[in-house]
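Quick look at input-v1.txt (compact mmCIF, C-alpha atoms):
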```
# COMPACT_ATOMS: atom_id res chain seq x y z
CA MET K 875 21.28 -38.11 -59.84
CA ARG K 876 21.20 -34.38 -59.83
CA HIS K 877 18.13 -34.39 -57.65
CA SER K 878 19.65 -36.62 -54.96
CA ASN K 879 22.88 -34.60 -55.01
CA GLY K 880 20.84 -31.44 -54.16
CA ILE K 881 19.18 -33.28 -51.29
CA HIS K 882 22.60 -34.46 -50.08
CA ARG K 883 23.95 -30.85 -50.13
CA ALA K 884 20.88 -29.58 -48.23
CA ALA K 885 21.34 -32.29 -45.60
CA LEU K 886 25.03 -31.37 -45.22
CA ALA K 887 24.13 -27.66 -44.91
CA THR K 888 21.52 -28.43 -42.24
CA THR K 889 24.03 -30.58 -40.34
CA ALA K 890 26.63 -27.80 -40.53
CA VAL K 891 24.17 -25.17 -39.26
CA THR K 892 23.13 -27.47 -36.42
CA ALA K 893 26.77 -28.11 -35.49
CA VAL K 894 27.56 -24.38 -35.46
CA ALA K 895 24.47 -23.67 -33.33
CA ALA K 896 25.44 -26.44 -30.93
CA ALA K 897 28.99 -25.11 -30.68
CA VAL K 898 27.78 -21.59 -29.99
CA THR K 899 25.29 -22.69 -27.32
CA GLY K 900 27.56 -25.28 -25.76
CA ILE K 901 25.23 -28.20 -26.58
CA LEU K 902 27.11 -31.36 -27.48
CA PRO K 903 25.98 -33.36 -30.52
CA GLY K 904 23.58 -36.10 -29.56
CA THR K 905 22.20 -34.26 -26.51
CA ALA K 906 18.74 -32.78 -26.35
CA MET K 907 18.35 -29.01 -26.31
CA ALA K 908 16.26 -27.85 -23.34
CA ALA K 909 13.67 -25.14 -23.73
CA SER K 910 14.83 -21.76 -22.51
CA THR K 911 13.59 -21.06 -19.00
CA THR K 912 14.77 -17.51 -18.48
CA THR K 913 13.35 -16.15 -15.26
CA SER K 914 13.65 -12.53 -14.35
CA THR K 915 14.22 -11.49 -10.78
CA PRO K 916 11.41 -9.27 -9.51
CA PRO K 917 12.41 -5.75 -8.49
CA PRO K 918 13.38 -5.26 -4.84
CA ALA K 919 11.25 -3.48 -2.25
CA CYS K 920 11.72 0.28 -2.37
CA SER K 921 14.19 1.34 0.30
CA ALA K 922 13.38 4.29 2.56
CA SER K 923 16.01 6.38 0.77
CA ALA K 924 14.40 5.61 -2.62
CA LEU K 925 11.16 7.32 -1.61
CA GLN K 926 10.15 10.95 -1.35
CA VAL K 927 6.88 11.31 0.56
CA SER K 928 4.29 14.10 0.50
CA ALA K 929 0.71 14.41 1.80
CA TRP K 930 -2.37 16.61 1.37
CA GLN K 931 -5.95 16.65 2.53
CA ALA K 932 -8.17 14.40 0.44
CA ALA K 933 -10.78 15.97 -1.84
CA HIS K 934 -13.49 13.74 -0.33
CA PRO K 935 -13.14 13.74 3.50
CA PRO K 936 -15.79 12.61 5.97
CA VAL K 937 -18.09 15.25 7.49
CA GLY K 938 -16.36 17.37 10.14
CA THR K 939 -13.76 20.09 10.51
CA GLY K 940 -10.52 18.18 11.11
CA THR K 941 -8.17 16.62 8.59
CA GLY K 942 -10.72 13.89 7.93
CA ALA K 943 -8.81 12.16 5.16
CA ALA K 944 -5.42 12.57 3.55
CA VAL K 945 -3.64 11.23 0.50
CA VAL K 946 -0.01 10.18 1.00
CA GLU K 947 2.13 10.04 -2.15
CA PHE K 948 5.33 7.99 -2.49
CA THR K 949 7.63 9.00 -5.36
CA ASN K 950 10.51 6.75 -6.42
CA VAL K 951 13.53 9.09 -6.52
CA SER K 952 16.04 6.29 -7.15
CA ARG K 953 17.43 5.21 -10.52
CA GLY K 954 15.93 1.71 -10.31
CA THR K 955 12.49 0.16 -10.38
CA CYS K 956 11.26 -1.07 -6.99
CA VAL K 957 8.05 -2.36 -5.44
CA LEU K 958 5.73 -1.32 -2.62
CA LYS K 959 3.11 -3.51 -0.99
CA GLY K 960 0.85 -3.52 2.01
CA HIS K 961 -0.96 -1.25 4.42
CA PRO K 962 0.85 1.54 6.23
CA THR K 963 1.52 2.03 9.90
CA VAL K 964 0.60 5.53 11.08
CA ALA K 965 1.82 7.53 14.08
CA GLY K 966 1.33 11.15 15.06
CA ALA K 967 4.58 13.06 15.67
CA GLY K 968 6.07 16.47 16.31
CA ASN K 969 8.67 18.07 14.08
CA GLY K 970 11.54 16.27 15.81
CA SER K 971 12.64 12.67 15.60
CA PRO K 972 10.15 10.26 14.00
CA SER K 973 10.88 7.82 16.84
CA HIS K 974 9.04 10.16 19.27
CA ASN K 975 5.51 9.45 18.11
CA THR K 976 2.04 8.27 19.11
CA PRO K 977 1.02 5.15 17.15
CA LEU K 978 -2.53 5.20 15.81
CA LYS K 979 -4.68 2.06 15.58
CA VAL K 980 -4.86 1.28 11.86
CA THR K 981 -7.87 -0.46 10.35
CA ALA K 982 -6.79 -1.87 6.99
CA THR K 983 -9.25 -1.76 4.09
CA GLY K 984 -8.89 -3.35 0.68
CA ARG K 985 -6.61 -6.09 -0.50
CA ALA K 986 -2.87 -5.43 -0.73
CA ALA K 987 -1.18 -6.03 -4.08
CA THR K 988 2.38 -5.42 -5.21
CA VAL K 989 2.80 -2.03 -6.89
CA THR K 990 5.78 -1.64 -9.21
CA VAL K 991 7.19 1.88 -9.09
CA ARG K 992 9.57 2.92 -11.86
CA PRO K 993 12.01 5.81 -11.38
CA HIS K 994 9.98 9.04 -10.91
CA GLY K 995 6.83 6.88 -10.64
CA LYS K 996 4.30 7.27 -7.84
CA ALA K 997 2.11 5.19 -5.54
CA TRP K 998 -0.46 6.28 -2.96
CA VAL K 999 -2.34 5.41 0.22
CA LYS K 1000 -5.42 7.13 1.60
CA LEU K 1001 -5.81 7.68 5.33
CA THR K 1002 -9.25 8.39 6.82
CA PHE K 1003 -9.31 9.62 10.41
CA VAL K 1004 -12.03 9.78 13.05
CA GLN K 1005 -13.11 13.32 12.28
CA VAL K 1006 -12.90 16.29 14.65
CA GLN K 1007 -16.28 18.02 14.98
CA GLY K 1008 -17.21 21.67 15.53
CA GLU K 1009 -15.29 24.89 15.09
CA GLY K 1010 -12.40 26.44 17.04
CA ASP K 1011 -11.01 23.88 19.45
CA GLY K 1012 -13.35 21.16 18.13
CA TYR K 1013 -14.44 18.04 19.92
CA CYS K 1014 -14.59 14.28 19.44
CA VAL K 1015 -17.96 12.51 19.34
CA SER K 1016 -16.43 9.92 21.70
CA GLY K 1017 -15.81 12.63 24.33
CA LYS K 1018 -12.02 12.32 24.04
CA THR K 1019 -9.86 15.35 23.36
CA PRO K 1020 -8.89 15.86 19.68
CA SER K 1021 -5.21 15.44 18.78
CA THR K 1022 -3.25 17.55 16.32
CA TYR K 1023 0.19 16.74 14.99
CA PRO K 1024 2.48 18.76 12.74
CA THR K 1025 3.70 15.51 11.14
CA MET K 1026 2.78 11.86 10.81
CA VAL K 1027 5.17 8.94 10.56
CA ILE K 1028 3.97 6.66 7.77
CA GLY K 1029 5.59 3.22 7.60
CA LEU K 1030 5.41 0.72 4.76
CA PRO K 1031 6.42 -2.95 4.98
CA HIS K 1032 10.08 -3.36 3.89
CA SER K 1033 10.25 0.32 2.84
CA GLY K 1034 10.94 2.21 6.05
CA LYS K 1035 9.16 4.94 7.98
CA HIS K 1036 8.68 8.43 6.61
CA GLN K 1037 7.93 11.59 8.57
CA VAL K 1038 5.63 13.85 6.56
CA ALA K 1039 3.70 17.06 7.12
CA LEU K 1040 0.48 17.94 5.32
CA ASN K 1041 1.11 20.50 2.60
CA ASP K 1042 -2.07 22.34 3.64
CA GLY K 1043 -2.44 22.29 7.44
CA VAL K 1044 -1.86 20.03 10.43
CA TRP K 1045 -3.03 16.50 11.03
CA ALA K 1046 -6.12 16.54 13.29
CA GLU K 1047 -7.91 13.42 14.47
CA CYS K 1048 -9.97 11.84 17.23
CA ASP K 1049 -9.53 8.60 19.16
CA ASN K 1050 -6.05 7.77 17.73
CA LYS K 1051 -7.68 5.66 15.00
CA VAL K 1052 -7.22 5.70 11.22
CA THR K 1053 -8.51 3.63 8.31
CA ALA K 1054 -5.88 3.00 5.63
CA THR K 1055 -6.00 1.70 2.08
CA PRO K 1056 -3.14 -0.48 0.83
CA VAL K 1057 -0.51 1.05 -1.43
CA SER K 1058 -2.07 1.62 -4.84
CA ALA K 1059 -0.94 2.57 -8.33
CA VAL K 1060 -4.20 4.55 -8.65
CA LYS K 1061 -4.28 8.02 -7.09
CA PRO K 1062 -7.21 8.29 -4.61
CA SER K 1063 -9.31 11.43 -4.25
```
Starting from the file, lay out its structure as structure tokens.
Amino acid sequence: MRHSNGIHRAALATTAVTAVAAAVTGILPGTAMAASTTTSTPPPACSASALQVSAWQAAHPPVGTGTGAAVVEFTNVSRGTCVLKGHPTVAGAGNGSPSHNTPLKVTATGRAATVTVRPHGKAWVKLTFVQVQGEGDGYCVSGKTPSTYPTMVIGLPHSGKHQVALNDGVWAECDNKVTATPVSAVKPS
């Protein structure tokens, strides 16, 4: 009898714990408990104001004397995590309004993937231009006149346009063409 009484107490304790759990979770007795399907909302796209942008000449440019290639760095200066994705738009501009610019024809390379950028985190794109040849005034192999710009306007899908100067010179290019990588979490050289 003692043995069955212990089993009876254990069954009552289990029933009590189940009833308390059901009361806490709002599940009524006799209803099935569904598996938890918590879904987290992905971070939003980085807004233009969330990004600080800088640029420098790439360590590995094509042969020539112009800018050749540049690395553009996007730093998340907001307090929240956000995402960047896609290939940039690129336009040459003066020091004034970014809306006064000359769009360049962008050839996208590589596959775009979403890059999550935490506060103070960074993401990059690499721009490779049709290189200016020669010294002094330089020339374009195509016969067109080289272009130089004090700034470029770099746009990212859903993240605004950013006017940026090179930290080590001016942007120089031929033929108003540029090849661009997608935004990456890996810093290019």
Minimum-distance residue to Gly1029 of chain K, chosen among K:His974, K:Gly942, K:Val937, K:His961 (using all atoms listed in the file):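 Using all atoms listed in the file, the shortest distance to Gly1029 of chain K belongs to K:His961.
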Skipping near chain neighbours, those fewer than 6 positions away, what residues fall within 6 Å of segment 1042-1051 of chain K using only C-alpha atoms, listed as a list in words?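 Returned residues: Gly940, Thr941, Leu978, Lys979, Phe1003, Val1004, Gln1005, Val1006, Cys1014, Pro1020, Ser1021, Thr1022, Tyr1023 and Pro1024 of chain K.
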Residues as selected, C-alpha atoms, written as an mmCIF file, in the coordinates of the input, can you do that?
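Written output follows (again-v5.cif):
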```cif
data_model
loop_
_atom_site.group_PDB
_atom_site.id
_atom_site.type_symbol
_atom_site.label_atom_id
_atom_site.label_comp_id
_atom_site.auth_asym_id
_atom_site.auth_seq_id
_atom_site.Cartn_x
_atom_site.Cartn_y
_atom_site.Cartn_z
ATOM 1 C CA GLY K 940 -10.520 18.180 11.110
ATOM 2 C CA THR K 941 -8.170 16.620 8.590
ATOM 3 C CA LEU K 978 -2.530 5.200 15.810
ATOM 4 C CA LYS K 979 -4.680 2.060 15.580
ATOM 5 C CA PHE K 1003 -9.310 9.620 10.410
ATOM 6 C CA VAL K 1004 -12.030 9.780 13.050
ATOM 7 C CA GLN K 1005 -13.110 13.320 12.280
ATOM 8 C CA VAL K 1006 -12.900 16.290 14.650
ATOM 9 C CA CYS K 1014 -14.590 14.280 19.440
ATOM 10 C CA PRO K 1020 -8.890 15.860 19.680
ATOM 11 C CA SER K 1021 -5.210 15.440 18.780
ATOM 12 C CA THR K 1022 -3.250 17.550 16.320
ATOM 13 C CA TYR K 1023 0.190 16.740 14.990
ATOM 14 C CA PRO K 1024 2.480 18.760 12.740
#
```
Å distance separating atom CA of Ile1028 of chain K from atom CA of Gly1008 of chain K, one decimal place: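 Going from atom CA of Ile1028 of chain K over to atom CA of Gly1008 of chain K, I get 27.1 Å.
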Tell me which protein, DNA and RNA residues are within 10 Å of Val946 of chain K, counting only C-alpha atoms, leaving out same-chain ones fewer than 4 positions away, and put them as a list in words. Val927, Ser928, Ala929, Trp930, Gln931, Ala932, Ala997, Trp998, Val999, Lys1000, Leu1001, Ile1028, Val1038, Ala1039, Leu1040, Val1057, Lys1061 and Pro1062 of chain K
Under the rule that all atoms listed in the file are counted, which of K:Gly1012, K:Pro936, K:Gly995, K:Gly966 is the nearest residue to Ser1058 of chain K?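 Result for the nearest residue to Ser1058 of chain K: K:Gly995.
For the pair atom CA of Val1027 of chain K and atom CA of Gly970 of chain K, the interatomic distance is 11.0 Å.
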Just how far from atom CA of Lys959 of chain K is atom CA of Pro916 of chain K, in Å to one decimal?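 Separating atom CA of Pro916 of chain K from atom CA of Lys959 of chain K is a distance of 13.2 Å.
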